[in-house]
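Source file: data-v2.csv (CSV, C-alpha atoms and all ligand atoms)
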```csv
chain,number,residue,atom,x,y,z
D,1,MET,CA,-101.0,-29.3,-1.0
D,2,LYS,CA,-100.3,-27.4,-4.2
D,3,ASN,CA,-99.6,-24.3,-2.2
D,4,LYS,CA,-97.1,-26.1,-0.1
D,5,LYS,CA,-95.2,-27.4,-3.2
D,6,LEU,CA,-95.2,-23.9,-4.6
D,7,ILE,CA,-93.7,-22.6,-1.3
D,8,ILE,CA,-91.0,-25.2,-1.3
D,9,PHE,CA,-90.2,-24.6,-5.0
D,10,SER,CA,-90.1,-20.8,-4.4
D,11,CYS,CA,-87.7,-21.4,-1.5
D,12,ILE,CA,-85.4,-23.6,-3.6
D,13,PHE,CA,-85.5,-21.0,-6.4
D,14,ALA,CA,-84.7,-18.1,-4.0
D,15,ALA,CA,-81.9,-20.1,-2.4
D,16,LEU,CA,-80.5,-20.8,-5.9
D,17,LEU,CA,-80.7,-17.1,-6.8
D,18,LEU,CA,-79.0,-16.1,-3.6
D,19,PHE,CA,-76.2,-18.7,-4.2
D,20,ILE,CA,-75.6,-17.5,-7.7
D,21,PHE,CA,-75.6,-13.9,-6.5
D,22,LEU,CA,-73.1,-14.7,-3.6
D,23,ALA,CA,-70.9,-16.7,-5.8
D,24,PHE,CA,-70.8,-13.9,-8.4
D,25,THR,CA,-70.0,-11.1,-5.9
D,26,ALA,CA,-67.5,-13.3,-4.1
D,27,GLN,CA,-65.7,-14.0,-7.3
D,28,LYS,CA,-65.9,-10.3,-8.2
D,29,SER,CA,-64.5,-9.1,-4.8
D,30,LYS,CA,-61.8,-11.7,-5.1
D,31,ASN,CA,-60.9,-10.4,-8.5
D,32,TRP,CA,-61.0,-7.0,-7.1
D,33,LEU,CA,-58.7,-7.9,-4.3
D,34,VAL,CA,-56.3,-9.8,-6.6
D,35,ASN,CA,-56.1,-6.7,-8.8
D,36,LYS,CA,-55.4,-4.6,-5.8
D,37,ILE,CA,-52.5,-6.7,-4.6
D,38,ASP,CA,-49.6,-5.9,-6.8
D,39,ALA,CA,-46.3,-7.8,-7.0
D,40,LYS,CA,-44.7,-5.6,-4.4
D,41,ILE,CA,-47.3,-6.3,-1.7
D,42,GLU,CA,-47.2,-10.1,-2.5
D,43,ASN,CA,-43.5,-10.0,-2.1
D,44,LYS,CA,-43.8,-8.1,1.2
D,45,LEU,CA,-46.4,-10.6,2.4
D,46,SER,CA,-44.1,-13.6,1.6
D,47,ILE,CA,-41.2,-11.9,3.4
D,48,GLU,CA,-43.5,-11.3,6.4
D,49,LEU,CA,-44.5,-15.0,6.3
D,50,ASP,CA,-40.9,-16.1,6.1
D,51,GLN,CA,-40.2,-13.9,9.2
D,52,ILE,CA,-43.1,-15.4,11.1
D,53,LYS,CA,-41.7,-18.9,10.2
D,54,LEU,CA,-38.3,-17.8,11.3
D,55,GLU,CA,-39.6,-16.5,14.7
D,56,LEU,CA,-41.3,-19.9,15.2
D,57,LYS,CA,-38.0,-21.6,14.4
D,58,LYS,CA,-36.2,-19.4,16.9
D,59,THR,CA,-38.8,-20.2,19.6
D,60,ASN,CA,-38.4,-23.9,18.9
D,61,LEU,CA,-34.6,-23.7,19.0
D,62,GLN,CA,-34.8,-22.2,22.6
D,63,LEU,CA,-36.7,-25.4,23.5
D,64,GLY,CA,-34.0,-27.5,21.7
D,65,LEU,CA,-36.4,-28.5,18.9
D,66,ILE,CA,-35.5,-28.3,15.2
D,67,ARG,CA,-37.7,-29.0,12.3
D,68,SER,CA,-36.2,-28.8,8.9
D,69,GLU,CA,-37.8,-27.4,5.8
D,70,LYS,CA,-38.9,-30.9,4.8
D,71,ASP,CA,-40.3,-31.7,8.2
D,72,GLU,CA,-37.4,-33.8,9.6
D,73,ASN,CA,-37.2,-33.4,13.3
D,74,PHE,CA,-34.1,-33.1,15.4
D,75,ILE,CA,-33.1,-32.1,18.9
D,76,ILE,CA,-30.2,-29.8,19.8
D,77,ASN,CA,-28.3,-29.6,23.1
D,78,LYS,CA,-25.4,-27.1,23.6
D,79,ILE,CA,-22.1,-27.3,25.4
D,80,TYR,CA,-21.0,-23.7,26.2
D,81,PHE,CA,-17.4,-22.5,26.3
D,82,ASN,CA,-16.3,-19.3,28.0
D,83,LYS,CA,-16.5,-16.8,25.3
D,84,LYS,CA,-14.9,-13.5,26.2
D,85,ASN,CA,-15.5,-11.6,23.1
D,86,SER,CA,-18.6,-11.7,20.9
D,87,MET,CA,-16.5,-11.2,17.8
D,88,ASP,CA,-14.3,-14.2,18.5
D,89,ARG,CA,-13.8,-15.6,15.0
D,90,PRO,CA,-13.1,-18.2,13.8
D,91,PHE,CA,-14.3,-19.7,17.1
D,92,GLY,CA,-13.0,-23.2,16.6
D,93,TYR,CA,-13.0,-26.6,15.1
D,94,VAL,CA,-14.2,-30.0,16.3
D,95,GLU,CA,-13.1,-33.6,15.6
D,96,GLU,CA,-13.4,-37.0,17.3
D,97,TYR,CA,-10.5,-39.3,18.3
D,98,LYS,CA,-11.6,-42.8,19.5
D,99,ASN,CA,-13.6,-42.2,22.7
D,100,GLU,CA,-12.7,-38.5,22.9
D,101,LEU,CA,-13.9,-35.2,21.4
D,102,ILE,CA,-11.3,-32.6,20.5
D,103,PHE,CA,-12.2,-28.9,20.2
D,104,VAL,CA,-9.5,-26.5,19.1
D,105,HIS,CA,-10.3,-22.8,19.7
D,106,GLY,CA,-9.2,-20.4,17.0
D,107,ASN,CA,-6.6,-18.9,19.3
D,108,GLY,CA,-4.9,-22.4,19.7
D,109,ASN,CA,-6.4,-23.5,23.0
D,110,ILE,CA,-6.9,-27.3,22.7
D,111,TYR,CA,-9.6,-29.1,24.6
D,112,PHE,CA,-10.1,-32.8,25.1
D,113,GLY,CA,-13.3,-34.4,26.5
D,114,LYS,CA,-14.1,-38.0,27.1
D,115,LYS,CA,-17.4,-38.8,25.2
D,116,GLU,CA,-20.2,-39.2,27.7
D,117,LYS,CA,-23.2,-41.5,26.9
D,118,LYS,CA,-25.2,-38.3,26.3
D,119,LEU,CA,-22.7,-36.5,24.2
D,120,HIS,CA,-23.7,-33.1,25.3
D,121,GLU,CA,-22.7,-33.9,28.8
D,122,THR,CA,-19.1,-34.3,27.8
D,123,LYS,CA,-16.7,-32.2,29.9
D,124,PHE,CA,-13.7,-30.6,28.2
D,125,PHE,CA,-10.3,-30.0,29.7
D,126,ILE,CA,-7.5,-27.9,28.2
D,127,LYS,CA,-4.5,-29.9,27.0
D,128,ASP,CA,-1.0,-28.6,27.2
D,129,SER,CA,0.7,-27.9,23.9
D,130,ASN,CA,3.4,-25.9,22.3
D,131,ILE,CA,1.2,-24.7,19.4
D,132,LYS,CA,1.1,-21.0,20.4
D,133,LYS,CA,4.8,-20.7,19.7
D,134,PHE,CA,3.9,-20.8,16.0
D,135,PHE,CA,1.4,-17.9,16.3
D,136,ILE,CA,1.8,-14.1,16.5
D,137,PHE,CA,-0.6,-12.2,18.7
D,138,ASP,CA,-1.2,-8.4,18.4
D,139,SER,CA,-3.6,-6.7,20.8
D,140,GLU,CA,-4.2,-3.9,18.3
D,141,LYS,CA,-5.6,-6.5,15.9
D,142,ASP,CA,-9.0,-8.2,15.8
D,143,SER,CA,-9.8,-11.9,16.4
D,144,TYR,CA,-9.4,-12.9,12.7
D,145,PHE,CA,-5.8,-11.9,13.1
D,146,ASN,CA,-5.3,-13.3,16.6
D,147,ASN,CA,-7.2,-16.6,16.0
D,148,SER,CA,-4.7,-18.2,13.7
D,149,VAL,CA,-6.2,-21.6,13.4
D,150,ARG,CA,-8.1,-22.4,10.2
D,151,ASP,CA,-8.7,-26.1,10.4
D,152,ILE,CA,-7.9,-29.3,12.4
D,153,TYR,CA,-7.7,-32.9,11.2
D,154,ILE,CA,-7.2,-36.2,12.9
D,155,PHE,CA,-5.4,-39.1,11.2
D,156,LYS,CA,-3.7,-42.2,12.6
D,157,ASP,CA,-3.1,-41.0,16.2
D,158,ASN,CA,-2.0,-37.5,15.0
D,159,ILE,CA,-3.6,-34.1,15.2
D,160,TYR,CA,-2.9,-31.8,12.3
D,161,VAL,CA,-3.6,-28.0,12.5
D,162,VAL,CA,-3.8,-25.6,9.6
D,163,TYR,CA,-2.9,-22.1,10.6
D,164,ILE,CA,-2.1,-18.7,9.2
D,165,ASP,CA,1.6,-18.1,9.7
D,166,LYS,CA,2.7,-14.4,10.1
D,167,ILE,CA,5.9,-12.4,9.9
D,168,LYS,CA,6.3,-8.7,10.4
D,169,ILE,CA,8.2,-6.9,7.6
D,170,LYS,CA,8.7,-3.2,8.5
D,171,ASP,CA,5.2,-2.2,9.6
D,172,GLU,CA,3.2,-4.8,7.7
D,173,TYR,CA,2.3,-8.4,8.6
D,174,MET,CA,2.8,-10.9,5.7
D,175,THR,CA,1.0,-14.2,6.0
D,176,THR,CA,1.0,-17.7,4.5
D,177,THR,CA,-0.5,-21.1,5.1
D,178,ASN,CA,1.3,-23.7,7.3
D,179,VAL,CA,0.4,-27.1,8.7
D,180,VAL,CA,1.7,-28.5,12.0
D,181,LYS,CA,1.3,-32.0,13.5
D,182,SER,CA,1.5,-33.6,16.9
D,183,SER,CA,1.0,-37.2,18.1
D,184,ILE,CA,-2.2,-37.2,20.2
D,185,ASN,CA,-1.1,-39.8,22.8
D,186,LYS,CA,1.0,-37.4,24.9
D,187,ASN,CA,0.2,-35.3,27.9
D,188,ASN,CA,1.9,-32.3,26.3
D,189,LEU,CA,1.2,-32.0,22.6
D,190,ASN,CA,4.4,-31.2,20.7
D,191,PHE,CA,3.7,-29.7,17.3
D,192,LYS,CA,6.1,-29.7,14.5
D,193,LYS,CA,5.8,-28.1,11.0
D,194,ILE,CA,5.1,-30.5,8.2
D,195,PHE,CA,4.0,-28.1,5.4
D,196,ALA,CA,4.7,-24.4,4.6
D,197,LEU,CA,4.3,-22.2,1.6
D,198,LYS,CA,7.2,-19.9,0.7
D,199,GLU,CA,4.9,-17.3,-0.9
D,200,ARG,CA,3.5,-14.6,1.5
D,201,TYR,CA,0.7,-12.0,1.2
D,202,PRO,CA,-0.4,-8.9,3.0
D,203,GLU,CA,-2.3,-9.7,6.2
D,204,SER,CA,-5.0,-7.2,5.2
D,205,ILE,CA,-6.3,-9.7,2.6
D,206,VAL,CA,-8.8,-11.9,4.3
D,207,HIS,CA,-8.9,-15.0,2.1
D,208,ALA,CA,-6.1,-16.9,3.9
D,209,GLY,CA,-5.6,-20.2,5.7
D,210,GLY,CA,-6.7,-23.6,4.3
D,211,LYS,CA,-8.7,-26.8,4.7
D,212,LEU,CA,-7.0,-30.2,5.2
D,213,GLN,CA,-8.0,-33.9,4.5
D,214,HIS,CA,-6.1,-37.1,4.1
D,215,TYR,CA,-5.7,-38.0,0.4
D,216,SER,CA,-3.9,-41.4,0.3
D,217,ASP,CA,-1.0,-43.2,1.9
D,218,ASP,CA,1.3,-40.5,3.4
D,219,THR,CA,-0.3,-37.7,1.2
D,220,PHE,CA,-2.6,-35.0,2.3
D,221,ILE,CA,-4.8,-32.5,0.3
D,222,LEU,CA,-4.8,-28.9,1.3
D,223,ALA,CA,-7.2,-26.2,-0.1
D,224,ILE,CA,-5.6,-22.8,-0.2
D,225,PRO,CA,-7.6,-19.5,-0.6
D,226,ASP,CA,-6.7,-16.9,-3.3
D,227,ASN,CA,-5.2,-14.6,-0.6
D,228,GLY,CA,-6.5,-11.8,-2.8
D,229,TYR,CA,-3.8,-12.4,-5.4
D,230,LEU,CA,-5.7,-13.2,-8.6
D,231,ASP,CA,-2.5,-13.2,-10.8
D,232,GLY,CA,-1.2,-15.9,-8.6
D,233,VAL,CA,-4.4,-17.9,-9.0
D,234,ASN,CA,-4.0,-17.7,-12.8
D,235,SER,CA,-0.3,-18.8,-12.6
D,236,ASP,CA,1.1,-22.3,-12.0
D,237,ASN,CA,4.0,-20.7,-10.0
D,238,PHE,CA,1.8,-19.9,-7.0
D,239,ALA,CA,-0.2,-22.2,-4.7
D,240,VAL,CA,-2.9,-19.6,-4.0
D,241,GLY,CA,-6.4,-20.5,-5.3
D,242,LYS,CA,-5.5,-24.1,-5.7
D,243,THR,CA,-5.7,-27.4,-3.9
D,244,VAL,CA,-2.3,-29.1,-3.4
D,245,LEU,CA,-1.1,-32.5,-2.5
D,246,PHE,CA,1.8,-32.8,0.0
D,247,LYS,CA,3.5,-35.6,1.9
D,248,ASP,CA,3.8,-35.7,5.7
D,249,ASN,CA,7.6,-35.7,5.8
D,250,ASP,CA,10.5,-33.3,6.4
D,251,LYS,CA,10.3,-31.6,3.0
D,252,ILE,CA,7.9,-29.0,4.2
D,253,TYR,CA,8.0,-26.8,1.0
D,254,GLU,CA,7.2,-29.6,-1.5
D,255,TYR,CA,3.8,-30.0,-3.0
D,256,LYS,CA,2.0,-30.8,-6.3
D,257,VAL,CA,-1.0,-28.8,-7.6
D,258,PHE,CA,-4.2,-30.9,-7.6
D,259,THR,CA,-6.9,-28.5,-8.8
D,260,LYS,CA,-7.0,-24.8,-9.7
D,261,GLY,CA,-9.5,-21.8,-9.8
D,262,HIS,CA,-10.7,-21.6,-6.2
D,263,ARG,CA,-11.6,-18.4,-4.4
D,264,ASN,CA,-12.0,-19.0,-0.7
D,265,PRO,CA,-12.3,-22.7,0.3
D,266,GLN,CA,-14.1,-23.1,3.6
D,267,GLY,CA,-15.0,-26.9,3.6
D,268,LEU,CA,-13.2,-30.0,2.4
D,269,PHE,CA,-14.3,-33.6,2.7
D,270,ASN,CA,-12.6,-36.7,1.1
D,271,ASP,CA,-15.4,-39.3,0.8
D,272,LYS,CA,-13.0,-42.3,0.3
D,273,LYS,CA,-15.9,-44.8,0.1
D,274,ASN,CA,-17.4,-43.0,-2.9
D,275,ASN,CA,-14.1,-41.8,-4.3
D,276,LEU,CA,-15.3,-38.2,-4.2
D,277,ILE,CA,-13.5,-35.1,-2.8
D,278,PHE,CA,-16.0,-32.3,-2.0
D,279,LEU,CA,-14.9,-28.6,-1.6
D,280,THR,CA,-17.0,-25.7,-0.6
D,281,GLU,CA,-15.9,-22.1,-1.3
D,282,HIS,CA,-17.1,-18.6,-0.8
D,283,GLY,CA,-18.1,-16.7,-4.0
D,284,PRO,CA,-18.0,-12.8,-4.1
D,285,ALA,CA,-21.6,-11.4,-3.9
D,286,GLY,CA,-23.4,-14.6,-4.8
D,287,GLY,CA,-21.6,-17.6,-6.2
D,288,ASP,CA,-20.9,-19.7,-3.1
D,289,GLU,CA,-20.1,-23.2,-4.6
D,290,ILE,CA,-19.9,-26.9,-3.8
D,291,ASN,CA,-17.4,-28.6,-6.1
D,292,ILE,CA,-16.2,-32.1,-6.7
D,293,LEU,CA,-12.5,-32.1,-7.2
D,294,LYS,CA,-10.8,-34.0,-10.0
D,295,LYS,CA,-7.1,-33.9,-10.7
D,296,ASN,CA,-5.8,-31.1,-12.9
D,297,LEU,CA,-9.2,-29.4,-13.5
D,298,ASN,CA,-9.8,-25.7,-13.2
D,299,TYR,CA,-12.9,-24.5,-11.2
D,300,GLY,CA,-13.1,-21.1,-12.7
D,301,TRP,CA,-12.0,-18.4,-10.3
D,302,PRO,CA,-11.2,-15.5,-11.1
D,303,LYS,CA,-12.5,-16.0,-14.6
D,304,ALA,CA,-15.8,-17.7,-14.0
D,305,SER,CA,-18.2,-17.2,-11.1
D,306,TYR,CA,-22.0,-17.1,-10.5
D,307,GLY,CA,-21.5,-14.1,-8.2
D,308,GLN,CA,-20.8,-10.4,-8.8
D,309,ALA,CA,-17.1,-10.0,-8.9
D,310,ASP,CA,-15.0,-6.8,-9.3
D,311,GLN,CA,-13.3,-8.2,-12.4
D,312,LYS,CA,-15.3,-9.3,-15.4
D,313,THR,CA,-16.4,-13.0,-15.1
D,314,PHE,CA,-18.2,-15.6,-17.1
D,315,LYS,CA,-21.2,-17.2,-15.4
D,316,ASN,CA,-21.2,-20.4,-17.4
D,317,HIS,CA,-18.1,-22.4,-16.3
D,318,MET,CA,-18.3,-25.3,-18.8
D,319,ALA,CA,-18.8,-23.3,-22.0
D,320,ASN,CA,-15.6,-21.4,-21.0
D,321,GLY,CA,-13.5,-24.5,-20.3
D,322,PHE,CA,-14.0,-24.6,-16.5
D,323,GLU,CA,-15.6,-27.2,-14.2
D,324,GLU,CA,-19.2,-26.4,-13.2
D,325,PRO,CA,-19.9,-26.5,-9.5
D,326,VAL,CA,-22.2,-29.3,-8.2
D,327,HIS,CA,-24.3,-26.5,-6.6
D,328,PHE,CA,-24.1,-22.7,-6.4
D,329,TRP,CA,-26.1,-20.1,-4.5
D,330,GLU,CA,-27.4,-16.8,-5.9
D,331,ASN,CA,-27.7,-15.5,-2.3
D,332,ASN,CA,-24.7,-16.6,-0.4
D,333,PRO,CA,-25.2,-18.5,2.9
D,334,ALA,CA,-21.4,-18.2,3.5
D,335,VAL,CA,-20.9,-22.0,3.3
D,336,SER,CA,-18.4,-23.5,5.8
D,337,GLU,CA,-17.6,-27.2,6.4
D,338,ILE,CA,-19.0,-30.2,4.6
D,339,THR,CA,-19.2,-33.7,6.0
D,340,LYS,CA,-21.0,-37.0,5.3
D,341,VAL,CA,-23.7,-38.0,7.8
D,342,SER,CA,-24.3,-41.6,6.8
D,343,LYS,CA,-27.9,-42.6,7.9
D,344,PHE,CA,-28.3,-39.6,10.2
D,345,TYR,CA,-30.6,-38.0,7.6
D,346,ASN,CA,-33.5,-40.0,6.3
D,347,SER,CA,-32.7,-40.8,2.7
D,348,ALA,CA,-31.9,-43.9,0.6
D,349,ASN,CA,-28.9,-42.0,-0.8
D,350,ASP,CA,-25.7,-40.7,0.8
D,351,CYS,CA,-26.2,-37.3,2.3
D,352,TYR,CA,-23.8,-34.6,3.3
D,353,PHE,CA,-24.4,-31.7,5.7
D,354,ILE,CA,-23.0,-28.3,4.6
D,355,SER,CA,-22.8,-25.7,7.4
D,356,SER,CA,-23.0,-22.0,6.8
D,357,LEU,CA,-22.1,-18.8,8.6
D,358,SER,CA,-24.2,-15.7,8.6
D,359,GLY,CA,-24.3,-15.2,4.8
D,360,ALA,CA,-26.7,-12.9,2.9
D,361,SER,CA,-29.4,-13.1,5.6
D,362,GLU,CA,-30.9,-15.4,8.2
D,363,PHE,CA,-32.9,-17.0,5.4
D,364,PHE,CA,-29.7,-18.3,3.8
D,365,GLY,CA,-26.9,-18.4,6.4
D,366,ASN,CA,-27.1,-19.9,9.9
D,367,HIS,CA,-28.4,-23.1,8.3
D,368,ILE,CA,-27.2,-26.6,7.6
D,369,TYR,CA,-27.9,-27.5,3.9
D,370,VAL,CA,-28.6,-31.2,3.2
D,371,MET,CA,-27.2,-32.5,-0.1
D,372,CYS,CA,-27.9,-36.0,-1.1
D,373,GLY,CA,-26.8,-38.0,-4.2
D,374,ASP,CA,-27.0,-41.3,-5.8
D,375,SER,CA,-24.4,-43.6,-7.3
D,376,SER,CA,-24.7,-41.8,-10.7
D,377,LYS,CA,-23.0,-38.9,-8.8
D,378,LYS,CA,-25.9,-36.5,-9.2
D,379,PHE,CA,-26.2,-34.3,-6.1
D,380,ASN,CA,-29.0,-31.9,-5.1
D,381,ILE,CA,-29.7,-29.7,-2.1
D,382,LYS,CA,-32.7,-31.6,-0.6
D,383,ASP,CA,-33.4,-29.8,2.7
D,384,LYS,CA,-32.2,-27.1,5.0
D,385,ILE,CA,-32.1,-27.0,8.8
D,386,TYR,CA,-32.1,-23.6,10.6
D,387,ILE,CA,-29.6,-23.5,13.5
D,388,GLY,CA,-29.8,-19.8,14.3
D,389,ASP,CA,-26.1,-19.2,14.7
D,390,ARG,CA,-22.9,-18.9,12.7
D,391,ILE,CA,-21.8,-22.5,12.1
D,392,ARG,CA,-18.0,-22.6,11.7
D,393,ASP,CA,-17.5,-26.4,11.7
D,394,ILE,CA,-19.5,-29.6,11.6
D,395,ALA,CA,-18.7,-33.2,12.4
D,396,TYR,CA,-20.7,-36.4,12.3
D,397,ILE,CA,-20.1,-38.6,15.3
D,398,GLN,CA,-20.9,-42.2,14.3
D,399,SER,CA,-20.6,-43.8,17.8
D,400,HIS,CA,-23.5,-41.6,19.0
D,401,ASN,CA,-25.2,-41.0,15.7
D,402,VAL,CA,-25.2,-37.2,16.3
D,403,VAL,CA,-23.9,-34.2,14.4
D,404,ILE,CA,-21.8,-31.6,16.2
D,405,VAL,CA,-21.8,-28.0,15.1
D,406,VAL,CA,-19.4,-25.3,16.2
D,407,LEU,CA,-21.6,-22.3,16.9
D,408,GLU,CA,-19.6,-19.1,16.6
D,409,ALA,CA,-21.9,-16.4,17.9
D,410,SER,CA,-22.9,-18.2,21.1
D,411,GLY,CA,-19.5,-19.8,21.6
D,412,SER,CA,-20.8,-23.3,22.0
D,413,LEU,CA,-20.9,-26.8,20.5
D,414,GLY,CA,-24.4,-27.9,19.4
D,415,VAL,CA,-25.0,-31.6,19.6
D,416,ILE,CA,-27.8,-32.5,17.1
D,417,SER,CA,-29.6,-35.8,17.7
D,418,LYS,CA,-32.7,-37.4,16.2
N,1,CA,CA,-16.2,-21.9,-9.7
```
As structure tokens, what does this structure read like?
Ligand SMILES: [Ca+2]
Amino acid sequence: MKNKKLIIFSCIFAALLLFIFLAFTAQKSKNWLVNKIDAKIENKLSIELDQIKLELKKTNLQLGLIRSEKDENFIINKIYFNKKNSMDRPFGYVEEYKNELIFVHGNGNIYFGKKEKKLHETKFFIKDSNIKKFFIFDSEKDSYFNNSVRDIYIFKDNIYVVYIDKIKIKDEYMTTTNVVKSSINKNNLNFKKIFALKERYPESIVHAGGKLQHYSDDTFILAIPDNGYLDGVNSDNFAVGKTVLFKDNDKIYEYKVFTKGHRNPQGLFNDKKNNLIFLTEHGPAGGDEINILKKNLNYGWPKASYGQADQKTFKNHMANGFEEPVHFWENNPAVSEITKVSKFYNSANDCYFISSLSGASEFFGNHIYVMCGDSSKKFNIKDKIYIGDRIRDIAYIQSHNVVIVVLEASGSLGVISK
């Protein structure tokens, strides 16, 4: 009996010793491992992990499944257009009008499609229009030149198109921002110029065009890129690098400056319900921004930017007398359009989807960023959704509770549903 107890006790003791030994060596080998892994390898591992996650996301996208970073689930179905050239940019812009979808290709082809119950089954037909008479085409030039359209907007049975207007002076093209308008309810859309800038800039400068929204009554707000002319951005005598208000009337050259200090606006959304105007813009290397526009304020460029600019810049906007962005990126996703998505995203607050082009890498661009905010007007990026393509434009379609994205690399519309 005594012997048996001794054996049991010895066994427990031995097991205890073994446990202590194992725990000690395990701890030691773990320390040893940790010491071996330096910051570089850890960094490499996390990049590899990101790449594995990205491959998973790509595989899911082929099945039409999307899971956001915060585990919201969506489905994507695509409508393909015939894309002749892989570098067809900007590919186009989408809007809805009553029971129709409107897609305008960058080259000015206008398509209408009656919304089907399943929106991705919508068939598009080309609509006759005179819009190409405003454009110059040059086969020696790339698609950024030949695709003149930079935005479309629908308001009160009219379609508005923002485009880059060109003239040839000697051997050089000089460009500027124009807006044309046509009534929608016609078989043949007849566009007429309603806004034009007198100032013109060399075509080789890429920050051109503009983004348009309705402001109030007969007034519209137009965001105009810097056109590479920084002295003009700093001067009240030029419209570049500013948002302007103009009236839809015959006085095509009249406008009033609304805000200043913008580099390359790519998205504009007037949230009338919340009385907020959102603008997205491209920074230089880093410094893409989301801004909320308030009359007569200056948003920094070219004096303040969170990116690396050629000229000397402040980072802090506010300390130097400029408006801080609501959000900025250190690594640019190349933000494009911004729109409100109502209850499409699961949040108690109002949420906005911000699309992005290719940006710094696939970890930043090719995503939809989800920004939500409360009534105290504090906004944060809450989630991101990988779409795996350059997203040129985005629209929320309330009738179907879906989001449509214009996918530039594949030449398609992506219909995102829950
Ligand atoms: Ca700024």
- atom CA of Lys84 of chain D sits from atom CA of Asn146 of chain D at a separation of 13.6 Å
If we count all atoms listed in the file, what is near segment 101-113 of chain D at a cut-off of 7 Å, once residues fewer than 6 positions away on the same chain are taken out, given as a PDB file with C-alpha atoms, keeping the file's coordinate frame?
```pdb
ATOM      1  CA  ARG D  89     -13.800 -15.600  15.000  1.00  0.00           C
ATOM      2  CA  PRO D  90     -13.100 -18.200  13.800  1.00  0.00           C
ATOM      3  CA  PHE D  91     -14.300 -19.700  17.100  1.00  0.00           C
ATOM      4  CA  GLY D  92     -13.000 -23.200  16.600  1.00  0.00           C
ATOM      5  CA  TYR D  93     -13.000 -26.600  15.100  1.00  0.00           C
ATOM      6  CA  VAL D  94     -14.200 -30.000  16.300  1.00  0.00           C
ATOM      7  CA  GLU D  95     -13.100 -33.600  15.600  1.00  0.00           C
ATOM      8  CA  THR D 122     -19.100 -34.300  27.800  1.00  0.00           C
ATOM      9  CA  LYS D 123     -16.700 -32.200  29.900  1.00  0.00           C
ATOM     10  CA  PHE D 124     -13.700 -30.600  28.200  1.00  0.00           C
ATOM     11  CA  PHE D 125     -10.300 -30.000  29.700  1.00  0.00           C
ATOM     12  CA  ILE D 126      -7.500 -27.900  28.200  1.00  0.00           C
ATOM     13  CA  LYS D 127      -4.500 -29.900  27.000  1.00  0.00           C
ATOM     14  CA  ILE D 131       1.200 -24.700  19.400  1.00  0.00           C
ATOM     15  CA  LYS D 132       1.100 -21.000  20.400  1.00  0.00           C
ATOM     16  CA  ASN D 146      -5.300 -13.300  16.600  1.00  0.00           C
ATOM     17  CA  ASN D 147      -7.200 -16.600  16.000  1.00  0.00           C
ATOM     18  CA  SER D 148      -4.700 -18.200  13.700  1.00  0.00           C
ATOM     19  CA  VAL D 149      -6.200 -21.600  13.400  1.00  0.00           C
TER      20      VAL D 149
END
```
- Task: Collect all residues with atoms no farther than 12 Å from ligand CA 1 (chain N), counting all atoms listed in the file, and output them as an MDAnalysis selection string.
- Result: chainID D and resid 241:242 259:265 279:284 286:293 297:307 309 313:318 320:329
- Distance atom CA of Leu268 of chain D-atom CA of Gly414 of chain D, one decimal place?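 That distance, rounded to one decimal, is 20.5 Å.
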- Using only C-alpha atoms, which residues sit within 12 Å of Asn73 of chain D once same-chain residues fewer than 6 positions away are excluded, as a PyMOL selection string? chain D and resi 57+60-61+64-67+344-346+383-386+416-418
- Message: Using Å and a single decimal, report how far atom CA of Lys343 of chain D sits from atom CA of Leu54 of chain D.
- Response: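 That distance, rounded to one decimal, is 27.1 Å.
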- Message: Can you tell me which residues surround Asp248 of chain D at a distance of at most 10 Å, considering only C-alpha atoms, apart from same-chain residues fewer than 2 positions away, and format the answer as a ChimeraX atom specification?
- Response: /D:179-181,193-195,217-220,246,250-252
- Query: Pick the closest to Asp374 of chain D from D:Ile354, D:Val206, D:Ile394, D:Ala348: which is it, counting only C-alpha atoms?
  - Reply: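 Counting only C-alpha atoms, the residue closest to Asp374 of chain D is D:Ala348.
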- Task: Find, counting all atoms listed in the file, the residue in D:Val406, D:Val341, D:Leu212, D:Val240 that gets nearest to Pro225 of chain D.
- Result: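 Smallest separation from Pro225 of chain D among the options: D:Val240.
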- Item | Minimum-distance residue to Asp142 of chain D, chosen among D:Ile205, D:Met87, D:Ile167, D:Val244 (using all atoms listed in the file) |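 Smallest separation from Asp142 of chain D among the options: D:Met87.
Shortest atom-to-atom contact with Ile221 of chain D among D:His207, D:Phe364, D:Ile184, D:Lys295: D:Lys295, counting all atoms listed in the file.
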- Message: Would you pick out the contacts of Leu407 of chain D at 10 Å or less, using only C-alpha atoms, so that residues sharing its chain but fewer than 2 positions from it are not included, and give the list as JSON, numbers by chain?
- Response: {"D": [78, 79, 80, 90, 91, 92, 93, 357, 366, 387, 388, 389, 390, 391, 392, 393, 394, 404, 405, 409, 410, 411, 412, 413, 414]}
- Item | Top pick for closest residue to Phe74 of chain D, considering D:Phe269, D:Ile277, D:Val402, D:Gln51 and counting all atoms listed in the file | D:Val402
- Find the spatial neighbours of Arg200 of chain D, counting only C-alpha atoms, within a cut-off of 7 Å - ignore same-chain residues fewer than 3 positions away - and output them as a PyMOL selection string. chain D and resi 174-176
Suppose we keep C-alpha atoms; can you now write the selection as a short mmCIF file (atom, residue, chain, number, x, y, z; two decimals), in the coordinates of the input?
```
data_model
loop_
_atom_site.label_atom_id
_atom_site.label_comp_id
_atom_site.auth_asym_id
_atom_site.auth_seq_id
_atom_site.Cartn_x
_atom_site.Cartn_y
_atom_site.Cartn_z
CA MET D 174 2.80 -10.90 5.70
CA THR D 175 1.00 -14.20 6.00
CA THR D 176 1.00 -17.70 4.50
#
```
